[in-house]
$ cat protein.pdb   # PDB, C-alpha atoms and all ligand atoms
ATOM      1  CA  ALA A1274      24.736 -21.370  -9.505
ATOM      2  CA  LYS A1275      23.669 -18.942 -12.187
ATOM      3  CA  GLN A1276      25.156 -21.173 -14.846
ATOM      4  CA  GLN A1277      23.312 -24.151 -13.472
ATOM      5  CA  GLY A1278      20.073 -22.187 -13.361
ATOM      6  CA  ARG A1279      20.451 -21.371 -17.006
ATOM      7  CA  ASN A1280      20.981 -25.009 -17.889
ATOM      8  CA  ASN A1281      17.969 -25.976 -15.870
ATOM      9  CA  TYR A1282      15.829 -23.517 -17.725
ATOM     10  CA  GLN A1283      17.038 -24.777 -21.054
ATOM     11  CA  LEU A1284      15.530 -28.163 -20.349
ATOM     12  CA  TYR A1285      12.093 -26.644 -20.480
ATOM     13  CA  THR A1286      12.542 -23.786 -22.911
ATOM     14  CA  PRO A1287      11.502 -25.574 -26.083
ATOM     15  CA  ALA A1288       8.164 -26.682 -24.717
ATOM     16  CA  LEU A1289       7.088 -23.935 -22.404
ATOM     17  CA  GLY A1290       9.667 -21.200 -21.916
ATOM     18  CA  ALA A1291      11.434 -20.440 -18.660
ATOM     19  CA  ARG A1292       9.348 -17.420 -17.808
ATOM     20  CA  ALA A1293       6.092 -19.219 -18.453
ATOM     21  CA  LEU A1294       7.189 -22.128 -16.330
ATOM     22  CA  GLU A1295       8.315 -19.870 -13.509
ATOM     23  CA  ARG A1296       4.955 -18.151 -13.655
ATOM     24  CA  LEU A1297       3.111 -21.433 -13.559
ATOM     25  CA  VAL A1298       5.026 -22.593 -10.493
ATOM     26  CA  LEU A1299       4.421 -19.274  -8.761
ATOM     27  CA  GLU A1300       0.734 -19.349  -9.612
ATOM     28  CA  ASN A1301       0.391 -22.879  -8.344
ATOM     29  CA  ARG A1302       2.012 -21.970  -5.009
ATOM     30  CA  LEU A1303      -0.023 -18.788  -4.774
ATOM     31  CA  TYR A1304      -3.266 -20.770  -4.953
ATOM     32  CA  LYS A1305      -2.265 -22.680  -1.838
ATOM     33  CA  ALA A1306      -0.704 -19.806   0.082
ATOM     34  CA  LEU A1307      -3.832 -18.649   1.888
ATOM     35  CA  GLU A1308      -4.830 -22.025   3.298
ATOM     36  CA  ARG A1309      -1.207 -22.764   4.155
ATOM     37  CA  GLU A1310      -1.156 -19.486   6.081
ATOM     38  CA  GLU A1311       1.985 -18.292   4.316
ATOM     39  CA  PHE A1312       1.000 -14.630   4.256
ATOM     40  CA  LEU A1313       1.710 -12.098   6.940
ATOM     41  CA  LEU A1314       1.508  -8.361   7.215
ATOM     42  CA  HIS A1315       4.232  -5.874   7.929
ATOM     43  CA  TYR A1316       3.417  -2.385   9.083
ATOM     44  CA  GLN A1317       5.090   0.897   8.231
ATOM     45  CA  PRO A1318       4.390   4.049  10.250
ATOM     46  CA  GLN A1319       3.260   7.320   8.744
ATOM     47  CA  VAL A1320       4.215  10.303  10.889
ATOM     48  CA  ASN A1321       2.940  13.851  11.091
ATOM     49  CA  LEU A1322       5.692  16.367  10.273
ATOM     50  CA  ILE A1323       4.564  18.942  12.822
ATOM     51  CA  THR A1324       3.723  16.826  15.860
ATOM     52  CA  GLY A1325       6.067  13.945  15.014
ATOM     53  CA  GLN A1326       3.326  11.538  16.033
ATOM     54  CA  ILE A1327       2.304   8.350  14.294
ATOM     55  CA  VAL A1328      -0.888   9.089  12.377
ATOM     56  CA  GLY A1329      -1.092   5.893  10.393
ATOM     57  CA  MET A1330       0.344   2.477   9.709
ATOM     58  CA  GLU A1331       0.378   1.051   6.200
ATOM     59  CA  ALA A1332      -0.213  -2.691   6.053
ATOM     60  CA  LEU A1333       2.063  -4.370   3.491
ATOM     61  CA  ILE A1334       1.672  -8.020   2.636
ATOM     62  CA  ARG A1335       4.547 -10.506   2.876
ATOM     63  CA  TRP A1336       4.577 -13.991   1.405
ATOM     64  CA  ASN A1337       6.851 -16.603   2.892
ATOM     65  CA  SER A1338       6.296 -19.560   0.601
ATOM     66  CA  SER A1339       7.178 -22.907   2.162
ATOM     67  CA  ASP A1340       8.932 -24.032  -0.996
ATOM     68  CA  LEU A1341      10.003 -20.785  -2.670
ATOM     69  CA  GLY A1342      10.966 -18.623   0.310
ATOM     70  CA  PHE A1343      10.165 -14.913   0.531
ATOM     71  CA  ILE A1344       8.597 -13.495  -2.617
ATOM     72  CA  SER A1345       8.222  -9.752  -3.142
ATOM     73  CA  PRO A1346       4.730  -8.304  -3.526
ATOM     74  CA  TYR A1347       6.039  -6.634  -6.707
ATOM     75  CA  GLN A1348       6.255 -10.202  -8.054
ATOM     76  CA  PHE A1349       3.116 -11.874  -6.760
ATOM     77  CA  ILE A1350       0.553  -9.055  -6.506
ATOM     78  CA  PRO A1351       0.354  -8.635 -10.309
ATOM     79  CA  LEU A1352      -0.072 -12.403 -10.653
ATOM     80  CA  ALA A1353      -2.730 -12.441  -7.951
ATOM     81  CA  GLU A1354      -4.431  -9.626  -9.810
ATOM     82  CA  GLU A1355      -4.415 -11.500 -13.119
ATOM     83  CA  THR A1356      -5.722 -14.726 -11.637
ATOM     84  CA  GLY A1357      -8.343 -13.065  -9.467
ATOM     85  CA  LEU A1358      -6.705 -14.495  -6.355
ATOM     86  CA  ILE A1359      -6.242 -10.925  -5.208
ATOM     87  CA  CYS A1360      -9.859 -10.833  -4.024
ATOM     88  CA  PRO A1361      -9.582 -13.497  -1.312
ATOM     89  CA  ILE A1362      -6.013 -12.372  -0.522
ATOM     90  CA  GLY A1363      -7.096  -8.750  -0.293
ATOM     91  CA  GLU A1364      -9.968  -9.694   1.968
ATOM     92  CA  TRP A1365      -7.523 -11.500   4.244
ATOM     93  CA  VAL A1366      -5.321  -8.371   4.305
ATOM     94  CA  LEU A1367      -8.274  -6.150   5.208
ATOM     95  CA  ARG A1368      -9.469  -8.451   7.968
ATOM     96  CA  THR A1369      -5.997  -8.957   9.445
ATOM     97  CA  ALA A1370      -5.114  -5.252   9.297
ATOM     98  CA  CYS A1371      -8.394  -4.123  10.881
ATOM     99  CA  ALA A1372      -8.109  -6.757  13.611
ATOM    100  CA  GLN A1373      -4.514  -5.656  14.312
ATOM    101  CA  ASN A1374      -5.477  -2.009  14.621
ATOM    102  CA  ARG A1375      -8.332  -2.917  16.956
ATOM    103  CA  LEU A1376      -5.894  -4.968  19.003
ATOM    104  CA  TRP A1377      -3.517  -2.012  19.315
ATOM    105  CA  GLN A1378      -6.422   0.166  20.385
ATOM    106  CA  SER A1379      -7.502  -2.350  22.988
ATOM    107  CA  GLN A1380      -3.979  -2.196  24.442
ATOM    108  CA  GLY A1381      -4.533   1.464  25.168
ATOM    109  CA  LEU A1382      -1.922   2.678  22.684
ATOM    110  CA  PRO A1383      -2.247   6.039  20.922
ATOM    111  CA  GLN A1384      -4.730   5.669  18.071
ATOM    112  CA  PHE A1385      -4.041   6.001  14.365
ATOM    113  CA  ARG A1386      -5.430   4.778  11.064
ATOM    114  CA  ILE A1387      -4.534   1.526   9.413
ATOM    115  CA  ALA A1388      -3.935   1.968   5.674
ATOM    116  CA  VAL A1389      -4.695  -0.927   3.329
ATOM    117  CA  ASN A1390      -3.820  -1.124  -0.378
ATOM    118  CA  LEU A1391      -6.654  -2.000  -2.738
ATOM    119  CA  SER A1392      -6.047  -3.594  -6.108
ATOM    120  CA  ALA A1393      -8.013  -2.874  -9.277
ATOM    121  CA  ARG A1394      -9.994  -6.111  -9.174
ATOM    122  CA  GLN A1395     -10.930  -5.618  -5.564
ATOM    123  CA  PHE A1396     -12.041  -2.098  -6.255
ATOM    124  CA  GLN A1397     -14.285  -3.316  -9.072
ATOM    125  CA  GLN A1398     -15.719  -6.186  -7.030
ATOM    126  CA  ASN A1399     -19.422  -5.488  -6.617
ATOM    127  CA  ASN A1400     -19.511  -6.750  -3.031
ATOM    128  CA  LEU A1401     -16.508  -4.721  -1.848
ATOM    129  CA  LEU A1402     -18.585  -2.434   0.358
ATOM    130  CA  LYS A1403     -20.404  -5.356   1.901
ATOM    131  CA  ILE A1404     -17.117  -7.120   2.642
ATOM    132  CA  ILE A1405     -15.609  -4.035   4.259
ATOM    133  CA  ASP A1406     -18.743  -3.385   6.270
ATOM    134  CA  GLN A1407     -18.691  -6.950   7.509
ATOM    135  CA  ILE A1408     -14.989  -6.822   8.425
ATOM    136  CA  LEU A1409     -15.475  -3.597  10.370
ATOM    137  CA  ALA A1410     -18.412  -5.128  12.245
ATOM    138  CA  GLU A1411     -16.504  -8.340  12.887
ATOM    139  CA  THR A1412     -13.366  -6.643  14.201
ATOM    140  CA  GLY A1413     -15.132  -3.760  15.935
ATOM    141  CA  LEU A1414     -12.897  -1.166  14.247
ATOM    142  CA  GLU A1415     -14.443   2.269  13.697
ATOM    143  CA  PRO A1416     -14.476   3.148   9.981
ATOM    144  CA  TYR A1417     -12.569   6.364  10.719
ATOM    145  CA  PHE A1418      -9.553   4.240  11.652
ATOM    146  CA  LEU A1419      -9.446   2.547   8.259
ATOM    147  CA  GLU A1420      -7.837   4.172   5.241
ATOM    148  CA  LEU A1421      -7.891   2.655   1.775
ATOM    149  CA  GLU A1422      -5.118   3.380  -0.716
ATOM    150  CA  ILE A1423      -5.934   3.311  -4.407
ATOM    151  CA  THR A1424      -3.742   4.305  -7.330
ATOM    152  CA  GLU A1425      -4.491   6.677 -10.180
ATOM    153  CA  SER A1426      -4.552   3.815 -12.673
ATOM    154  CA  ILE A1427      -7.262   2.081 -10.640
ATOM    155  CA  ALA A1428      -9.218   5.304 -10.317
ATOM    156  CA  MET A1429      -9.019   6.120 -14.020
ATOM    157  CA  GLN A1430     -10.195   2.723 -15.292
ATOM    158  CA  ASP A1431     -13.832   3.674 -14.860
ATOM    159  CA  VAL A1432     -14.173   7.181 -13.544
ATOM    160  CA  ASP A1433     -17.910   7.039 -12.846
ATOM    161  CA  LEU A1434     -17.558   3.796 -10.935
ATOM    162  CA  THR A1435     -14.639   5.256  -8.985
ATOM    163  CA  ILE A1436     -16.592   8.316  -7.948
ATOM    164  CA  SER A1437     -19.570   6.252  -6.868
ATOM    165  CA  VAL A1438     -17.529   3.696  -4.890
ATOM    166  CA  LEU A1439     -15.395   6.386  -3.234
ATOM    167  CA  ARG A1440     -18.517   8.333  -2.239
ATOM    168  CA  LYS A1441     -19.995   5.262  -0.604
ATOM    169  CA  LEU A1442     -16.769   4.525   1.232
ATOM    170  CA  GLN A1443     -16.496   8.092   2.406
ATOM    171  CA  ASN A1444     -20.138   8.038   3.542
ATOM    172  CA  MET A1445     -19.267   5.012   5.636
ATOM    173  CA  GLY A1446     -16.587   7.156   7.289
ATOM    174  CA  ILE A1447     -13.587   5.483   5.689
ATOM    175  CA  GLN A1448     -10.580   7.579   4.644
ATOM    176  CA  ILE A1449      -9.249   7.421   1.096
ATOM    177  CA  SER A1450      -5.767   8.151  -0.161
ATOM    178  CA  MET A1451      -4.377   8.341  -3.671
ATOM    179  CA  ASP A1452      -1.214   6.249  -3.688
ATOM    180  CA  ASP A1453       1.849   6.705  -5.933
ATOM    181  CA  PHE A1454       0.562  10.123  -6.871
ATOM    182  CA  GLY A1455       2.202  11.685  -9.903
ATOM    183  CA  THR A1456       3.062   8.438 -11.666
ATOM    184  CA  GLY A1457      -0.335   7.647 -13.156
ATOM    185  CA  TYR A1458      -2.594   9.354 -15.568
ATOM    186  CA  SER A1459      -5.273  10.950 -13.466
ATOM    187  CA  SER A1460      -6.121  14.178 -15.167
ATOM    188  CA  LEU A1461      -6.459  17.158 -12.895
ATOM    189  CA  SER A1462     -10.036  17.697 -13.976
ATOM    190  CA  TYR A1463     -10.999  14.301 -12.538
ATOM    191  CA  LEU A1464      -9.041  14.745  -9.379
ATOM    192  CA  LYS A1465     -11.487  17.336  -8.082
ATOM    193  CA  HIS A1466     -14.373  14.894  -8.545
ATOM    194  CA  PHE A1467     -12.769  12.085  -6.568
ATOM    195  CA  PRO A1468     -13.676  12.258  -2.902
ATOM    196  CA  LEU A1469     -10.218  11.895  -1.357
ATOM    197  CA  ASP A1470      -8.557  12.717   1.936
ATOM    198  CA  THR A1471      -4.872  12.315   1.138
ATOM    199  CA  LEU A1472      -2.365  12.363  -1.718
ATOM    200  CA  LYS A1473       0.724  10.234  -1.310
ATOM    201  CA  ILE A1474       3.604  11.608  -3.357
ATOM    202  CA  ASP A1475       5.312   8.720  -5.105
ATOM    203  CA  ARG A1476       8.735   7.613  -3.909
ATOM    204  CA  SER A1477      10.244   8.239  -7.340
ATOM    205  CA  PHE A1478       9.938  12.022  -6.784
ATOM    206  CA  ILE A1479      11.416  11.820  -3.296
ATOM    207  CA  ARG A1480      14.392   9.644  -4.176
ATOM    208  CA  ASP A1481      16.376  12.291  -6.054
ATOM    209  CA  LEU A1482      14.778  15.288  -4.417
ATOM    210  CA  MET A1483      18.062  16.815  -3.236
ATOM    211  CA  ARG A1484      19.868  16.268  -6.540
ATOM    212  CA  ASN A1485      17.204  16.935  -9.110
ATOM    213  CA  PRO A1486      15.581  20.381  -9.165
ATOM    214  CA  HIS A1487      12.804  19.027 -11.380
ATOM    215  CA  ASP A1488      11.754  16.600  -8.685
ATOM    216  CA  ALA A1489      11.803  19.388  -6.126
ATOM    217  CA  ALA A1490       9.591  21.454  -8.422
ATOM    218  CA  ILE A1491       7.168  18.557  -8.876
ATOM    219  CA  VAL A1492       6.942  17.958  -5.143
ATOM    220  CA  LYS A1493       6.207  21.645  -4.566
ATOM    221  CA  ALA A1494       3.560  21.573  -7.275
ATOM    222  CA  ILE A1495       1.879  18.495  -5.786
ATOM    223  CA  MET A1496       1.879  20.218  -2.384
ATOM    224  CA  ALA A1497       0.138  23.256  -3.859
ATOM    225  CA  LEU A1498      -2.329  21.120  -5.770
ATOM    226  CA  GLY A1499      -3.183  18.922  -2.794
ATOM    227  CA  HIS A1500      -3.544  21.739  -0.315
ATOM    228  CA  GLY A1501      -5.511  23.729  -2.873
ATOM    229  CA  LEU A1502      -7.967  20.845  -3.025
ATOM    230  CA  ASN A1503      -8.056  20.625   0.795
ATOM    231  CA  LEU A1504      -6.242  17.320   0.849
ATOM    232  CA  LYS A1505      -3.498  16.166   3.144
ATOM    233  CA  VAL A1506      -0.252  15.416   1.345
ATOM    234  CA  ILE A1507       2.239  12.861   2.548
ATOM    235  CA  ALA A1508       5.537  11.727   1.048
ATOM    236  CA  GLU A1509       6.588   8.100   0.704
ATOM    237  CA  GLY A1510      10.086   6.679   0.535
ATOM    238  CA  VAL A1511      11.703   9.337   2.732
ATOM    239  CA  GLU A1512      15.164   8.103   3.633
ATOM    240  CA  THR A1513      17.305  11.096   4.629
ATOM    241  CA  PRO A1514      17.172  14.034   7.066
ATOM    242  CA  GLU A1515      17.739  16.374   4.091
ATOM    243  CA  GLN A1516      14.586  15.103   2.408
ATOM    244  CA  LEU A1517      12.747  15.553   5.698
ATOM    245  CA  GLU A1518      13.899  19.172   5.979
ATOM    246  CA  PHE A1519      12.861  19.899   2.428
ATOM    247  CA  LEU A1520       9.430  18.381   3.027
ATOM    248  CA  ARG A1521       9.020  20.439   6.193
ATOM    249  CA  SER A1522       9.951  23.589   4.292
ATOM    250  CA  VAL A1523       7.162  22.997   1.773
ATOM    251  CA  GLU A1524       4.665  22.161   4.553
ATOM    252  CA  CYS A1525       4.186  18.544   3.694
ATOM    253  CA  ASP A1526       1.789  16.972   6.192
ATOM    254  CA  GLY A1527       3.424  13.627   6.760
ATOM    255  CA  LEU A1528       6.020  11.108   5.762
ATOM    256  CA  GLN A1529       6.525   7.418   5.422
ATOM    257  CA  GLY A1530       9.920   5.905   4.789
ATOM    258  CA  TYR A1531      13.046   4.181   6.040
ATOM    259  CA  LEU A1532      14.158   7.394   7.776
ATOM    260  CA  PHE A1533      11.532   6.761  10.431
ATOM    261  CA  SER A1534      11.030   3.024  10.011
ATOM    262  CA  PRO A1535      10.918   0.305   7.367
ATOM    263  CA  PRO A1536       7.838  -1.939   7.335
ATOM    264  CA  VAL A1537       8.103  -4.313  10.314
ATOM    265  CA  ALA A1538       6.171  -7.251  11.769
ATOM    266  CA  ALA A1539       3.326  -6.577  14.200
ATOM    267  CA  GLN A1540       5.361  -7.082  17.348
ATOM    268  CA  ALA A1541       8.141  -4.711  16.308
ATOM    269  CA  ALA A1542       5.482  -2.238  15.187
ATOM    270  CA  THR A1543       3.992  -2.349  18.688
ATOM    271  CA  GLU A1544       7.339  -1.248  20.138
ATOM    272  CA  ILE A1545       7.564   1.597  17.658
ATOM    273  CA  ILE A1546       4.055   2.725  18.570
ATOM    274  CA  LYS A1547       5.018   2.714  22.257
ATOM    275  CA  ASN A1548       8.276   4.631  21.821
ATOM    276  CA  GLY A1549       8.293   6.146  18.419
ATOM    277  CA  LYS A1550       8.119   9.799  17.607
ATOM    278  CA  LEU A1551       9.793  11.767  14.855
ATOM    279  CA  ASN A1552      12.130  14.521  16.000
TER     280      ASN A1552
HETATM  281  P1  LIG A1601       3.311   0.738  -2.209
HETATM  282  O1  LIG A1601       1.876   0.658  -1.805
HETATM  283  O2  LIG A1601       3.746   1.955  -2.927
HETATM  284  O3  LIG A1601       4.133   0.522  -0.861
HETATM  285  C1  LIG A1601       5.329   1.186  -0.573
HETATM  286  C2  LIG A1601       6.526   0.307  -0.888
HETATM  287  O4  LIG A1601       7.709   1.055  -0.686
HETATM  288  C3  LIG A1601       6.638  -0.907   0.029
HETATM  289  O5  LIG A1601       7.208  -1.962  -0.719
HETATM  290  C4  LIG A1601       7.625  -0.409   1.098
HETATM  291  O6  LIG A1601       8.315  -1.446   1.739
HETATM  292  C5  LIG A1601       8.552   0.432   0.264
HETATM  293  N1  LIG A1601       9.201   1.502   1.045
HETATM  294  C6  LIG A1601       8.703   2.154   2.110
HETATM  295  N2  LIG A1601       9.551   3.112   2.534
HETATM  296  C7  LIG A1601      10.628   3.068   1.720
HETATM  297  C8  LIG A1601      11.862   3.820   1.641
HETATM  298  O7  LIG A1601      12.128   4.728   2.432
HETATM  299  N3  LIG A1601      12.717   3.484   0.635
HETATM  300  C9  LIG A1601      12.450   2.490  -0.249
HETATM  301  N4  LIG A1601      13.349   2.229  -1.179
HETATM  302  N5  LIG A1601      11.295   1.755  -0.212
HETATM  303  C10 LIG A1601      10.396   2.053   0.766
HETATM  304  P2  LIG A1601       6.645  -3.445  -0.625
HETATM  305  O8  LIG A1601       6.203  -3.722   0.778
HETATM  306  O9  LIG A1601       7.642  -4.345  -1.259
HETATM  307  O10 LIG A1601       5.327  -3.397  -1.507
HETATM  308  C11 LIG A1601       5.408  -3.174  -2.875
HETATM  309  C12 LIG A1601       4.073  -2.877  -3.490
HETATM  310  O11 LIG A1601       3.253  -4.055  -3.460
HETATM  311  C13 LIG A1601       3.269  -1.819  -2.744
HETATM  312  O12 LIG A1601       3.716  -0.539  -3.130
HETATM  313  C14 LIG A1601       1.874  -2.143  -3.231
HETATM  314  O13 LIG A1601       1.635  -1.613  -4.498
HETATM  315  C15 LIG A1601       1.918  -3.645  -3.330
HETATM  316  N6  LIG A1601       1.330  -4.217  -2.092
HETATM  317  C16 LIG A1601       1.910  -4.492  -0.911
HETATM  318  N7  LIG A1601       1.027  -5.013  -0.038
HETATM  319  C17 LIG A1601      -0.160  -5.064  -0.693
HETATM  320  C18 LIG A1601      -1.486  -5.507  -0.331
HETATM  321  O14 LIG A1601      -1.758  -5.938   0.798
HETATM  322  N8  LIG A1601      -2.456  -5.416  -1.292
HETATM  323  C19 LIG A1601      -2.192  -4.918  -2.539
HETATM  324  N9  LIG A1601      -3.203  -4.857  -3.427
HETATM  325  N10 LIG A1601      -0.972  -4.481  -2.897
HETATM  326  C20 LIG A1601       0.034  -4.551  -1.989
HETATM  327 CA    CA A1602       0.487   1.946  -0.714
HETATM  328 CA    CA A1603       2.849   4.039  -2.646
HETATM  329 CA    CA A1604       5.187   3.663  -4.912
END
$ encode --input "protein.pdb" --output "structure tokens" --more "lines below"
Ligand code: C2E
Ligand code: CA
Ligand code: CA
Ligand code: CA
Amino acid sequence: AKQQGRNNYQLYTPALGARALERLVLENRLYKALEREEFLLHYQPQVNLITGQIVGMEALIRWNSSDLGFISPYQFIPLAEETGLICPIGEWVLRTACAQNRLWQSQGLPQFRIAVNLSARQFQQNNLLKIIDQILAETGLEPYFLELEITESIAMQDVDLTISVLRKLQNMGIQISMDDFGTGYSSLSYLKHFPLDTLKIDRSFIRDLMRNPHDAAIVKAIMALGHGLNLKVIAEGVETPEQLEFLRSVECDGLQGYLFSPPVAAQAATEIIKNGKLN
């Protein structure tokens, strides 16, 4: 099949190039994905390391394209970002995630925040606050139960803008977390100016935690930094009990990862919320 694929590509290479063609096809399908209702959200729990309780659910988008099958967000989010499609897609994610959390609340389940990833374009959109305000009003979700995740690279693009937008969000009562922390370029001097609630230690530091003393040192340093700035610190990509024990020993506040649960569809998430607790 691989051989055949290569031959197929060669047909087009002279004119357009396989990668360019692939991109064009993807982009074309992406334009239609919203109206075709091909997106859905999966949810991954975040648990408190002391109480074991679910304190959050991160909403992660899934795209099941009718003609291409499942496509990873690592593949289509950058494309959506480049084309600007991320704004309507991101708005759909926000609305769906807020509505889902409100639905869980209305079922009398224990309450937690819903975390939604923001992209750079969305963050720079001048009507972002209006959109969020409207979605909260529409769904009836209290702002306290919404958390927005931004990355260091988004935050550092325009530091003054970041500070002003984050302040407004925080004034609305929304929680903010810095995603993938440690992989970007946010200088420590800026970090203290960003109104944040949580640092999420990037998975790349957790992955080799038990084998690589440098990673362990970095995780400890991020813990000290975060707690020193009065932030909560949570670890992403936690897969093993050994990693969990390490994180407990350095007083990490929470974890997200396959150890507790992978991201799952809404219905499976509901079961986890009903039964789930970390030991
Ligand atoms: P992220 O925000 O860092 O999300 C965490 C990613 O790590 C998710 O990948 C999740 O499935 C995966 N993960 C969680 N726990 C584990 C673990 O224990 N081990 C391993 N190996 N992986 C784990 P996913 O869902 O494929 O999403 C990839 C990225 O796509 C996200 O990284 C985020 O940057 C972006 N993304 C996903 N949904 C959205 C969205 O709605 N909006 C925007 N703007 N970006 C999104
Ligand atoms: Ca995230
Ligand atoms: Ca992350
Ligand atoms: Ca990450």
$ residues_around --input "protein.pdb" --residues "Phe1312 of chain A" --least-positions-apart "6" --cutoff "7 Å" --atoms "only C-alpha atoms" --output "PyMOL selection string"
chain A and resi 1306+1334-1337
$ atom_distance --input "protein.pdb" --atom1 "atom CA of Val1389 of chain A" --atom2 "atom CA of Ser1345 of chain A"
16.9 Å
$ closest_residue --input "protein.pdb" --among "A:Leu1498, A:Met1429, A:Leu1376, A:Met1451" --to "ligand CA 1602 (chain A)" --atoms "all atoms listed in the file"
A:Met1451
$ atom_distance --input "protein.pdb" --atom1 "atom CA of Leu1307 of chain A" --atom2 "atom CA of Val1537 of chain A"
20.5 Å
$ residues_near_point --input "protein.pdb" --point "(-1.8, 6.2, 18.8)" --cutoff "10 Å" --atoms "all atoms listed in the file" --output "list in words"
Gln1326, Ile1327, Val1328, Gly1329, Asn1374, Trp1377, Gln1378, Gly1381, Leu1382, Pro1383, Gln1384, Phe1385, Arg1386, Ile1546 and Lys1547 of chain A
$ closest_residue --input "protein.pdb" --among "A:Glu1331, A:Asp1470, A:Asp1481, A:Asp1526" --to "ligand CA 1602 (chain A)" --atoms "only C-alpha atoms and all ligand atoms"
A:Glu1331
$ closest_atom_pairs --input "protein.pdb" --of "chain A" --to "ligand CA 1603 (chain A)" --cutoff "10 Å" --atoms "all atoms listed in the file" --output "tab-separated table"
residue	atom	partner	partner_atom	distance
A:Glu1331	CA	A:CA1603	CA	9.7
A:Asn1390	CA	A:CA1603	CA	8.7
A:Glu1422	CA	A:CA1603	CA	8.2
A:Ile1423	CA	A:CA1603	CA	9.0
A:Thr1424	CA	A:CA1603	CA	8.1
A:Ser1450	CA	A:CA1603	CA	9.9
A:Met1451	CA	A:CA1603	CA	8.5
A:Asp1452	CA	A:CA1603	CA	4.7
A:Asp1453	CA	A:CA1603	CA	4.3
A:Phe1454	CA	A:CA1603	CA	7.8
A:Leu1472	CA	A:CA1603	CA	9.9
A:Lys1473	CA	A:CA1603	CA	6.7
A:Ile1474	CA	A:CA1603	CA	7.6
A:Asp1475	CA	A:CA1603	CA	5.8
A:Arg1476	CA	A:CA1603	CA	7.0
A:Ser1477	CA	A:CA1603	CA	9.7
A:Ala1508	CA	A:CA1603	CA	8.9
A:Glu1509	CA	A:CA1603	CA	6.5
A:Gly1510	CA	A:CA1603	CA	8.3
A:Gln1529	CA	A:CA1603	CA	9.5
$ resolve_selection --input "protein.pdb" --expression "the PyMOL selection byres (((chain A and resi 1388) around 6) and not hetatm)" --output "ChimeraX atom specification"
/A:1330-1332,1387,1389,1420-1421
$ closest_residue --input "protein.pdb" --among "A:Ile1479, A:Ala1393, A:Leu1551, A:Ile1436" --to "ligand CA 1604 (chain A)" --atoms "only C-alpha atoms and all ligand atoms"
A:Ile1479
$ resolve_selection --input "protein.pdb" --expression "the PyMOL selection byres (((chain A and resi 1511) around 10) and not hetatm)" --output "list of chain:residue names"
A:Arg1476, A:Ile1479, A:Arg1480, A:Leu1482, A:Ala1508, A:Glu1509, A:Gly1510, A:Glu1512, A:Thr1513, A:Pro1514, A:Glu1515, A:Gln1516, A:Leu1517, A:Leu1520, A:Leu1528, A:Gln1529, A:Gly1530, A:Tyr1531, A:Leu1532, A:Phe1533, A:Ser1534
$ closest_residue --input "protein.pdb" --among "A:Thr1412, A:Ser1339, A:Asn1321, A:Thr1456" --to "ligand LIG 1601 (chain A)" --atoms "only C-alpha atoms and all ligand atoms"
A:Thr1456
$ resolve_selection --input "protein.pdb" --expression "the PyMOL selection byres (((chain A and resi 1351-1364) around 12) and not hetatm)" --output "number ranges by chain"
A: 1295-1308, 1310-1314, 1332-1336, 1344-1350, 1365-1371, 1389-1409, 1421
$ write_last_selection --input "protein.pdb" --atoms "C-alpha atoms" --output "compact mmCIF listing (two decimals), in the coordinates of the input"
# COMPACT_ATOMS: atom_id res chain seq x y z
CA GLU A 1295 8.32 -19.87 -13.51
CA ARG A 1296 4.96 -18.15 -13.66
CA LEU A 1297 3.11 -21.43 -13.56
CA VAL A 1298 5.03 -22.59 -10.49
CA LEU A 1299 4.42 -19.27 -8.76
CA GLU A 1300 0.73 -19.35 -9.61
CA ASN A 1301 0.39 -22.88 -8.34
CA ARG A 1302 2.01 -21.97 -5.01
CA LEU A 1303 -0.02 -18.79 -4.77
CA TYR A 1304 -3.27 -20.77 -4.95
CA LYS A 1305 -2.26 -22.68 -1.84
CA ALA A 1306 -0.70 -19.81 0.08
CA LEU A 1307 -3.83 -18.65 1.89
CA GLU A 1308 -4.83 -22.02 3.30
CA GLU A 1310 -1.16 -19.49 6.08
CA GLU A 1311 1.98 -18.29 4.32
CA PHE A 1312 1.00 -14.63 4.26
CA LEU A 1313 1.71 -12.10 6.94
CA LEU A 1314 1.51 -8.36 7.22
CA ALA A 1332 -0.21 -2.69 6.05
CA LEU A 1333 2.06 -4.37 3.49
CA ILE A 1334 1.67 -8.02 2.64
CA ARG A 1335 4.55 -10.51 2.88
CA TRP A 1336 4.58 -13.99 1.40
CA ILE A 1344 8.60 -13.50 -2.62
CA SER A 1345 8.22 -9.75 -3.14
CA PRO A 1346 4.73 -8.30 -3.53
CA TYR A 1347 6.04 -6.63 -6.71
CA GLN A 1348 6.26 -10.20 -8.05
CA PHE A 1349 3.12 -11.87 -6.76
CA ILE A 1350 0.55 -9.06 -6.51
CA TRP A 1365 -7.52 -11.50 4.24
CA VAL A 1366 -5.32 -8.37 4.30
CA LEU A 1367 -8.27 -6.15 5.21
CA ARG A 1368 -9.47 -8.45 7.97
CA THR A 1369 -6.00 -8.96 9.44
CA ALA A 1370 -5.11 -5.25 9.30
CA CYS A 1371 -8.39 -4.12 10.88
CA VAL A 1389 -4.70 -0.93 3.33
CA ASN A 1390 -3.82 -1.12 -0.38
CA LEU A 1391 -6.65 -2.00 -2.74
CA SER A 1392 -6.05 -3.59 -6.11
CA ALA A 1393 -8.01 -2.87 -9.28
CA ARG A 1394 -9.99 -6.11 -9.17
CA GLN A 1395 -10.93 -5.62 -5.56
CA PHE A 1396 -12.04 -2.10 -6.26
CA GLN A 1397 -14.28 -3.32 -9.07
CA GLN A 1398 -15.72 -6.19 -7.03
CA ASN A 1399 -19.42 -5.49 -6.62
CA ASN A 1400 -19.51 -6.75 -3.03
CA LEU A 1401 -16.51 -4.72 -1.85
CA LEU A 1402 -18.58 -2.43 0.36
CA LYS A 1403 -20.40 -5.36 1.90
CA ILE A 1404 -17.12 -7.12 2.64
CA ILE A 1405 -15.61 -4.04 4.26
CA ASP A 1406 -18.74 -3.38 6.27
CA GLN A 1407 -18.69 -6.95 7.51
CA ILE A 1408 -14.99 -6.82 8.43
CA LEU A 1409 -15.48 -3.60 10.37
CA LEU A 1421 -7.89 2.66 1.78
